[in-house]
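Report on the structure given below.
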Amino acid sequence: MKRLGTLDASWLAVESEDTPMHVGNMLIFSLPEGAPDTFLRDMVRSMKETGEIAPPWCTKLAWSGAIGRLIAPAWIRDKNLDLDYHVRHSALPKPGGERELGVLVSRLHSNPLDFARPLWECHVIEGLENNRFALYTKMHHSMIDGISGVRLLQRVLSKDPGERGMLPPWAMRPERLKPRKSETRQSVPAIFSQALGAVKLQADMAPTLLRAGNRLMQSARHPETGLTAPFAGPVSKINHRVTGQRRFATQHYQLDRLKDLAHISKSSLNDIVLYLCGTALRRFLMEQGDLPNTALTAGIPVNIRPADDQGTGTAISFMIASLATNESDPLTRLQNIKTSTHQAKEHLQKLPKSALTQYTMLLMSPYILQLLSGLGGRMRPVFNVTISNVPGPQEPLYYEGAKLEAMYPVSLIAHGGALNITCLSYAGSLNFGFTGCRDTLPSMQKLAVYTGEALDELEKLILPPKRKPKKARASKSTKP
């Protein structure tokens, strides 16, 4: 039995019929050349016939009831895991376009997971046009975050298009790391000494966390400092109550386009992502007649997992930054976003790594308490929208010879935050996944289109004009 950490357990605590707390990934593959008609049927059968199932896929909650999840959340191994339940084969109605795929994934993502079983599902979806298929997986957020979710899937993919007989994700064991001293067998006095050290560490961190909290309070009283505080954003259309049904939309850009803009504007790639999202939201809310005078704010997850950590669970901290949606001039909007993210990073960097988990709980506690108390969507939000940028694999990958064409993240939403935008890079592209409440944001798909138009506009404003090739001069003819 393995007890859950505080942040992981909080995702279980806020689970409800309207706010299922699972996240997912949608992978699009092209079938290998000469693949037989039975390729996907054979692949699914092979996936289900795998031998031992590895963590975290083989674990379930020790107590699946709401009270047990809240009081004593812990993982145990499921000795009777049913792969026929967890692995499913679906087909799109012809013609299987991006719209039909989006409709199906929206419906699959709306369904809650069964808490009496391991908290994951995998759907192989055939019939996508241009000889392609999709693989949609979802897993509870208490088991993974964005980084660990990508790594779980990436481990089974290959750089070799000729490789066959590959294992499914749930048969791959996490890479074993050398045990830390704290993980080796210890005597009772050593354990007691370690416990005292942990208490001392918490006491030592208290002043640091207090200073961090004070900086946030000061920024709330004095917005001119540039540091965006919790509850600084207004209430807008995306900050009301949500229902259980989801909409999912995607957008795909070449990474070089965004990097060029970041280089010329002396911004980070994340600044450009926030600019595109903020500009799209500004236009969307203006059309709805609901653009607040105060700038919307973004909650930005920050990975704090060590580079060699292949574990699961949640290992994130948070920044809050302005999206400058109240600014009509595009270049001023980008500059305001840059200033805000710079201040947020500087604030986070002042904290020692040992204090980041406690700081995350300090920052996320109001958000969690809003959801637990039923006040989410009924008062000013901690931040208006979650925007994540997750690094993914940068080389083309394959599964059983099928080339991975794109990876799209599918995230969660909650009361008070009816929209989540998550980006995932892959092989020179940046893929946006927009997850929203079907009822609160009925026209959410427009946001995906608007980010593309915001990108075109910014390129026209700051990129040097392309020189037109000079026309060759016609030679003058002379009369004899």
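Residue numbering restarts at 1 in every chain; chains get A, B, ... in the order shown in the structure tokens, and ligands count up from 1 in that same order.
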message: Env of A:Leu153: 9 Å cut, atoms = only C-alpha atoms, seq-sep filter 3 positions within chain, self excluded. Answer as a ChimeraX atom specification.
response: /A:25,148-150,156-157,168-169
Just to be explicit: take each residue in the selection above, keep C-alpha atoms, and write the result as a PDB file, in the first residue's frame.
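To be explicit, this is the file written out as out_17.pdb:
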ATOM      1  CA  ASN A  25      -3.531  12.583 -24.523  1.00  0.00           C
ATOM      2  CA  SER A 148       4.824  12.252 -16.345  1.00  0.00           C
ATOM      3  CA  GLY A 149       1.864  11.532 -18.656  1.00  0.00           C
ATOM      4  CA  VAL A 150       3.915  12.330 -21.762  1.00  0.00           C
ATOM      5  CA  VAL A 156       6.872   2.762 -25.547  1.00  0.00           C
ATOM      6  CA  LEU A 157       7.518   4.610 -28.816  1.00  0.00           C
ATOM      7  CA  PRO A 168       1.892  -1.319 -24.853  1.00  0.00           C
ATOM      8  CA  PRO A 169       2.307   1.526 -22.329  1.00  0.00           C
TER       9      PRO A 169
END
Stretch 270-285 of chain A: which residues within 6 Å, counting only C-alpha atoms, same-chain residues fewer than 4 positions away excluded, as a PDB file with N, CA and C atoms, in the first residue's frame?
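Saved file result.pdb follows:
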ATOM      1  N   ASP A 290     -18.501  40.305 -23.181  1.00  0.00           N
ATOM      2  CA  ASP A 290     -18.146  39.973 -21.799  1.00  0.00           C
ATOM      3  C   ASP A 290     -16.662  40.210 -21.517  1.00  0.00           C
ATOM      4  N   LEU A 291     -16.048  41.184 -22.199  1.00  0.00           N
ATOM      5  CA  LEU A 291     -14.636  41.457 -21.953  1.00  0.00           C
ATOM      6  C   LEU A 291     -14.495  42.376 -20.739  1.00  0.00           C
ATOM      7  N   LEU A 323      -2.586  38.169 -18.657  1.00  0.00           N
ATOM      8  CA  LEU A 323      -2.737  37.965 -20.095  1.00  0.00           C
ATOM      9  C   LEU A 323      -2.978  39.275 -20.827  1.00  0.00           C
ATOM     10  N   THR A 325      -5.421  41.173 -21.358  1.00  0.00           N
ATOM     11  CA  THR A 325      -6.578  41.202 -22.262  1.00  0.00           C
ATOM     12  C   THR A 325      -7.276  42.555 -22.277  1.00  0.00           C
ATOM     13  N   LEU A 334       1.814  42.262 -25.586  1.00  0.00           N
ATOM     14  CA  LEU A 334       2.939  41.328 -25.477  1.00  0.00           C
ATOM     15  C   LEU A 334       3.943  41.812 -24.435  1.00  0.00           C
ATOM     16  N   LEU A 447     -11.878  29.689 -30.288  1.00  0.00           N
ATOM     17  CA  LEU A 447     -10.610  30.073 -29.673  1.00  0.00           C
ATOM     18  C   LEU A 447      -9.428  29.466 -30.415  1.00  0.00           C
ATOM     19  N   TYR A 450      -8.886  31.542 -33.452  1.00  0.00           N
ATOM     20  CA  TYR A 450      -8.392  32.884 -33.130  1.00  0.00           C
ATOM     21  C   TYR A 450      -6.914  32.899 -32.756  1.00  0.00           C
ATOM     22  N   THR A 451      -6.413  31.801 -32.164  1.00  0.00           N
ATOM     23  CA  THR A 451      -4.969  31.781 -31.878  1.00  0.00           C
ATOM     24  C   THR A 451      -4.171  31.804 -33.175  1.00  0.00           C
ATOM     25  N   ALA A 454      -4.222  35.306 -34.426  1.00  0.00           N
ATOM     26  CA  ALA A 454      -3.346  36.134 -33.585  1.00  0.00           C
ATOM     27  C   ALA A 454      -1.886  35.929 -33.974  1.00  0.00           C
TER      28      ALA A 454
END
Per residue of stretch 352-400 of chain A within 12 Å of stretch 246-263 of chain A, which atom pair is closest and at what distance in Å (one decimal), using only C-alpha atoms, listed by chain and increasing number, as a tab-separated table?
residue	atom	partner	partner_atom	distance
A:Pro391	CA	A:Leu255	CA	11.5
A:Gly392	CA	A:Leu255	CA	12.0
A:Gln394	CA	A:Leu255	CA	10.5
Export, as a PDB file, in the first residue's frame, the selected residues with N, CA and C atoms.
ATOM      1  N   PRO A 391       6.860  20.207 -22.604  1.00  0.00           N
ATOM      2  CA  PRO A 391       7.817  19.753 -23.619  1.00  0.00           C
ATOM      3  C   PRO A 391       7.631  18.277 -23.921  1.00  0.00           C
ATOM      4  N   GLY A 392       7.615  17.952 -25.205  1.00  0.00           N
ATOM      5  CA  GLY A 392       7.466  16.563 -25.625  1.00  0.00           C
ATOM      6  C   GLY A 392       8.664  16.108 -26.437  1.00  0.00           C
ATOM      7  N   GLN A 394      11.219  15.425 -29.413  1.00  0.00           N
ATOM      8  CA  GLN A 394      11.561  16.311 -30.532  1.00  0.00           C
ATOM      9  C   GLN A 394      11.974  15.561 -31.797  1.00  0.00           C
TER      10      GLN A 394
END
Selection near A:Ser411, 10 Å with only C-alpha atoms, sequence-local residues under 4 positions removed, as a PyMOL selection string: chain A and resi 21-25+109+138+141+145-146+248+386+388+419-422+433-436
Selection export as a JSON list (two decimals), in the first residue's frame, atoms kept: C-alpha atoms:
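And here's result_6.json as it stands now:
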[["chain", "number", "residue", "atom", "x", "y", "z"],
["A", 21, "MET", "CA", -10.26, 15.09, -12.47],
["A", 22, "HIS", "CA", -8.69, 13.03, -15.25],
["A", 23, "VAL", "CA", -6.30, 14.20, -17.97],
["A", 24, "GLY", "CA", -5.55, 12.65, -21.33],
["A", 25, "ASN", "CA", -3.53, 12.58, -24.52],
["A", 109, "HIS", "CA", -13.34, 12.68, -22.02],
["A", 138, "LYS", "CA", -6.90, 9.15, -20.04],
["A", 141, "HIS", "CA", -4.62, 13.53, -12.27],
["A", 145, "ASP", "CA", 0.78, 15.34, -14.28],
["A", 146, "GLY", "CA", 1.47, 16.62, -17.80],
["A", 248, "PHE", "CA", -12.26, 19.51, -27.19],
["A", 386, "THR", "CA", -4.93, 27.43, -16.78],
["A", 388, "SER", "CA", 0.33, 24.84, -19.72],
["A", 419, "LEU", "CA", -11.39, 26.51, -20.01],
["A", 420, "ASN", "CA", -7.98, 24.84, -20.02],
["A", 421, "ILE", "CA", -5.35, 25.38, -22.73],
["A", 422, "THR", "CA", -2.42, 22.97, -22.81],
["A", 433, "GLY", "CA", -5.39, 21.29, -26.88],
["A", 434, "PHE", "CA", -8.42, 23.35, -25.81],
["A", 435, "THR", "CA", -10.61, 21.64, -23.19],
["A", 436, "GLY", "CA", -13.79, 23.46, -22.19]]
Distance criterion (only C-alpha atoms): nearest to A:Leu269 out of A:Cys423, A:Ile368, A:Val242, A:Leu128: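 For A:Leu269, the nearest of the given residues is A:Cys423.
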task: Measure the distance from atom CA of A:Ala321 to atom CA of A:Ile300 in Å and round it to one decimal.
output: 7.6 Å
Closest-contact table, stretch 218-279 of chain A side, partner stretch 1-19 of chain A, 9 Å, counting only C-alpha atoms, as JSON lines:
{"residue": "A:Val242", "atom": "CA", "partner": "A:Asp18", "partner_atom": "CA", "distance": 6.5}
{"residue": "A:Thr243", "atom": "CA", "partner": "A:Asp18", "partner_atom": "CA", "distance": 4.7}
{"residue": "A:Gly244", "atom": "CA", "partner": "A:Asp18", "partner_atom": "CA", "distance": 3.9}
{"residue": "A:Gln245", "atom": "CA", "partner": "A:Asp18", "partner_atom": "CA", "distance": 7.7}
Can those selected residues be exported to a file as a compact mmCIF listing (two decimals), in the first residue's frame so that it contains C-alpha atoms?
# COMPACT_ATOMS: atom_id res chain seq x y z
CA VAL A 242 -19.40 23.95 -15.17
CA THR A 243 -21.27 20.77 -16.06
CA GLY A 244 -19.82 17.33 -16.74
CA GLN A 245 -19.86 17.49 -20.56
Fewer than 6 positions away in the same chain doesn't count, so skip those; otherwise give me all residues within 9 Å of A:Thr440, counting only C-alpha atoms, as a short mmCIF file (atom, residue, chain, number, x, y, z; two decimals) with C-alpha atoms, in the first residue's frame.
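Output saved as around20.cif:
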data_model
loop_
_atom_site.label_atom_id
_atom_site.label_comp_id
_atom_site.auth_asym_id
_atom_site.auth_seq_id
_atom_site.Cartn_x
_atom_site.Cartn_y
_atom_site.Cartn_z
CA LYS A 237 -17.64 34.06 -18.93
CA ILE A 238 -14.97 31.40 -18.45
CA ASN A 239 -15.21 31.61 -14.64
CA HIS A 240 -18.69 30.29 -13.89
CA ARG A 241 -19.98 26.87 -12.82
CA VAL A 242 -19.40 23.95 -15.17
CA THR A 243 -21.27 20.77 -16.06
CA ALA A 418 -14.38 26.49 -17.66
#
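When atom CA of A:Ala448 is paired with atom CA of A:Ser268, their separation reads 21.1 Å.
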task: Measuring atom to atom with only C-alpha atoms, identify which of A:Arg88, A:Lys350, A:Arg378, A:Lys266 is nearest to A:Lys338.
output: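 Of A:Arg88, A:Lys350, A:Arg378, A:Lys266, the one nearest A:Lys338, counting only C-alpha atoms, is A:Lys266.
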message: Residues within 8 Å of A:Glu395, please, as a ChimeraX atom specification. Count only C-alpha atoms; anything in the same chain fewer than 6 positions from it doesn't count.
response: /A:159,426-428
Atoms kept (N, CA and C atoms) for selection, written as an mmCIF file, in the first residue's frame:
data_model
loop_
_atom_site.group_PDB
_atom_site.id
_atom_site.type_symbol
_atom_site.label_atom_id
_atom_site.label_comp_id
_atom_site.auth_asym_id
_atom_site.auth_seq_id
_atom_site.Cartn_x
_atom_site.Cartn_y
_atom_site.Cartn_z
ATOM 1 N N LYS A 159 12.214 5.238 -32.215
ATOM 2 C CA LYS A 159 12.732 6.062 -33.308
ATOM 3 C C LYS A 159 12.898 5.244 -34.586
ATOM 4 N N TYR A 426 6.146 18.561 -30.218
ATOM 5 C CA TYR A 426 6.537 17.267 -30.773
ATOM 6 C C TYR A 426 7.137 17.441 -32.170
ATOM 7 N N ALA A 427 8.378 16.995 -32.343
ATOM 8 C CA ALA A 427 9.034 16.914 -33.648
ATOM 9 C C ALA A 427 8.875 18.191 -34.468
ATOM 10 N N GLY A 428 9.204 19.334 -33.853
ATOM 11 C CA GLY A 428 9.180 20.603 -34.580
ATOM 12 C C GLY A 428 7.827 21.270 -34.661
#
task: Could you tell me which of A:Leu348, A:Cys437, A:Met286, A:Arg132 comes closest to A:Ser328 if we count only C-alpha atoms?
output: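 Of the candidates, the smallest distance to A:Ser328 is held by A:Met286.
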